[in-house]
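A short write-up of the structure that comes next.
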Amino acid sequence: MREYLDFEKPIAEIEEKIEKLAAAGQSRPGVQDDLRKLRAKLYQLQAEIYARLTPWQRTQVARHPQRPSTVDYIGRICDSFLELHGDRLYGDDHAIVGGLARLNGRSVVVIGQQKGKTLKERVQRNFGMPNPEGYRKALRLLMLQHAVYSVISPEGCAAILWDDPKKTPDAAEALKMTAEDLLRLGVIDEILPEPPGAAHRDPTAICGAVKKAVEAHLSALLELPLDDLLQRRFKKYRRMGALGGQ
């Protein structure tokens, strides 16, 4: 059953009308014309609503429970996937999903945060918030030197780390190591932007669009010399943060 956000109520009303008309079939004259008009109206209304979302509404869309997750994207985009576990130091962080995959015949490493669908899954995966071992696992996968890695739908790190004096240094070190080694690794990396619109409205279309974006970025990046790739990555990270652009 589809869940609607408050600002999606006008969309819900039109979709309800479409469902009732479609269920009527050919029993009423002109039903097909009415369906075409309603679908055109729905398409226009969706474009208008999602073009003027407030910051909070965008946050609601990003947190929608029916939004595709990392596992959903992997299943729809990759030809095959072998998940790898553990940081080889402390344990396995279930908030981070990563492993080896095939994308149109190319070997890739896919890394993403997984929030979970049910309450049980969310507790198991710490609501998608990684701990230090999650960052170390991601770094271990990056060290495999495959062609590309993708970070999909980041949720943010576990906030409890910063309130725990014993864990904070470990978290800071894990983040530091990941960032430093990423600047040196000879891999193609890209944090993938999602196409505009609401992913929960049509997961199949969104996953198809993301797959095309991945393939296009990968093909373009594979043509870059390694030195140019590393320089671009260095500049990208230098632009991040309040002092990065100075």
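Chain lettering (A, B, ...) mirrors the order of the structure tokens, residue numbering begins at 1 for each chain separately, and ligand numbering begins at 1 in order of display.
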Self-check item: Surrounding residues of range 3-14 of chain A excluding itself and chain neighbours under 2 positions, 12 Å, only C-alpha atoms, as an MDAnalysis selection string
Solution: chainID A and resid 1 16:21 34:50 52:54 56:67 198 200:201
Using 9 Å as the limit and counting only C-alpha atoms, can you tabulate each residue of range 63-143 of chain A that touches range 208-220 of chain A, with its shortest atom-to-atom distance in Å and the two atoms involved, as CSV?
```
residue,atom,partner,partner_atom,distance
A:Tyr73,CA,A:Val210,CA,8.4
A:Arg76,CA,A:Gly208,CA,7.8
A:Ile77,CA,A:Lys211,CA,5.6
A:Cys78,CA,A:Lys211,CA,8.5
A:Leu103,CA,A:Glu215,CA,8.1
A:Asn104,CA,A:Glu215,CA,8.4
```
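Across A:Ala101, A:Leu139, A:Ile74, A:Val109, the tightest approach to Gly86 in chain A is made by A:Leu139 when counting only C-alpha atoms.
CA of Met240 in chain A to CA of Val71 in chain A spans 27.7 Å [interatomic distance, one decimal].
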Exercise. Go through range 24-117 of chain A and collect every residue that DSSP, computed from the backbone, puts in helix (DSSP H, G or I); the answer should be as a ChimeraX atom specification.
Key: /A:24,31-51,55-62,70-77
Quiz item: Which is closer to Thr70 in chain A than all the others in A:His94, A:Arg232, A:Lys115, A:Arg106, using only C-alpha atoms?
Solution: A:Lys115
Quiz item: With only C-alpha atoms as the atoms that count, which of A:Ala23, A:Leu226, A:Met177, A:Ala95 lies nearest to Arg122 in chain A?
Solution: A:Ala95
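If you look at CA of Gly128 in chain A and CA of Lys236 in chain A, they are 25.0 Å away from each other.
Our summary of the geometry notes that CA of Pro55 in chain A is positioned 16.6 Å from CA of Ala199 in chain A.
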Practice problem: Name the residues of range 24-108 of chain A that fall into strand (DSSP E or B) according to DSSP on the backbone, using the chain letters and numbers of this document, as a list in words. | Solution: Ser80, Phe81, Leu82, Glu83, Ile96, Val97, Gly98, Gly99, Leu100, Ala101, Arg102, Leu103, Arg106, Ser107 and Val108 of chain A
Quiz item: Hey, what's within 7 Å of Ala174 in chain A if we count only C-alpha atoms and toss same-chain stuff fewer than 4 positions away? As a PyMOL selection string, please?
Solution: chain A and resi 132+135-136+170+178
Exercise. Name all residues at most 10 Å from Gln114 in chain A (count only C-alpha atoms; drop same-chain ones fewer than 6 positions away) and give them as a count of residues only.
Key: 21
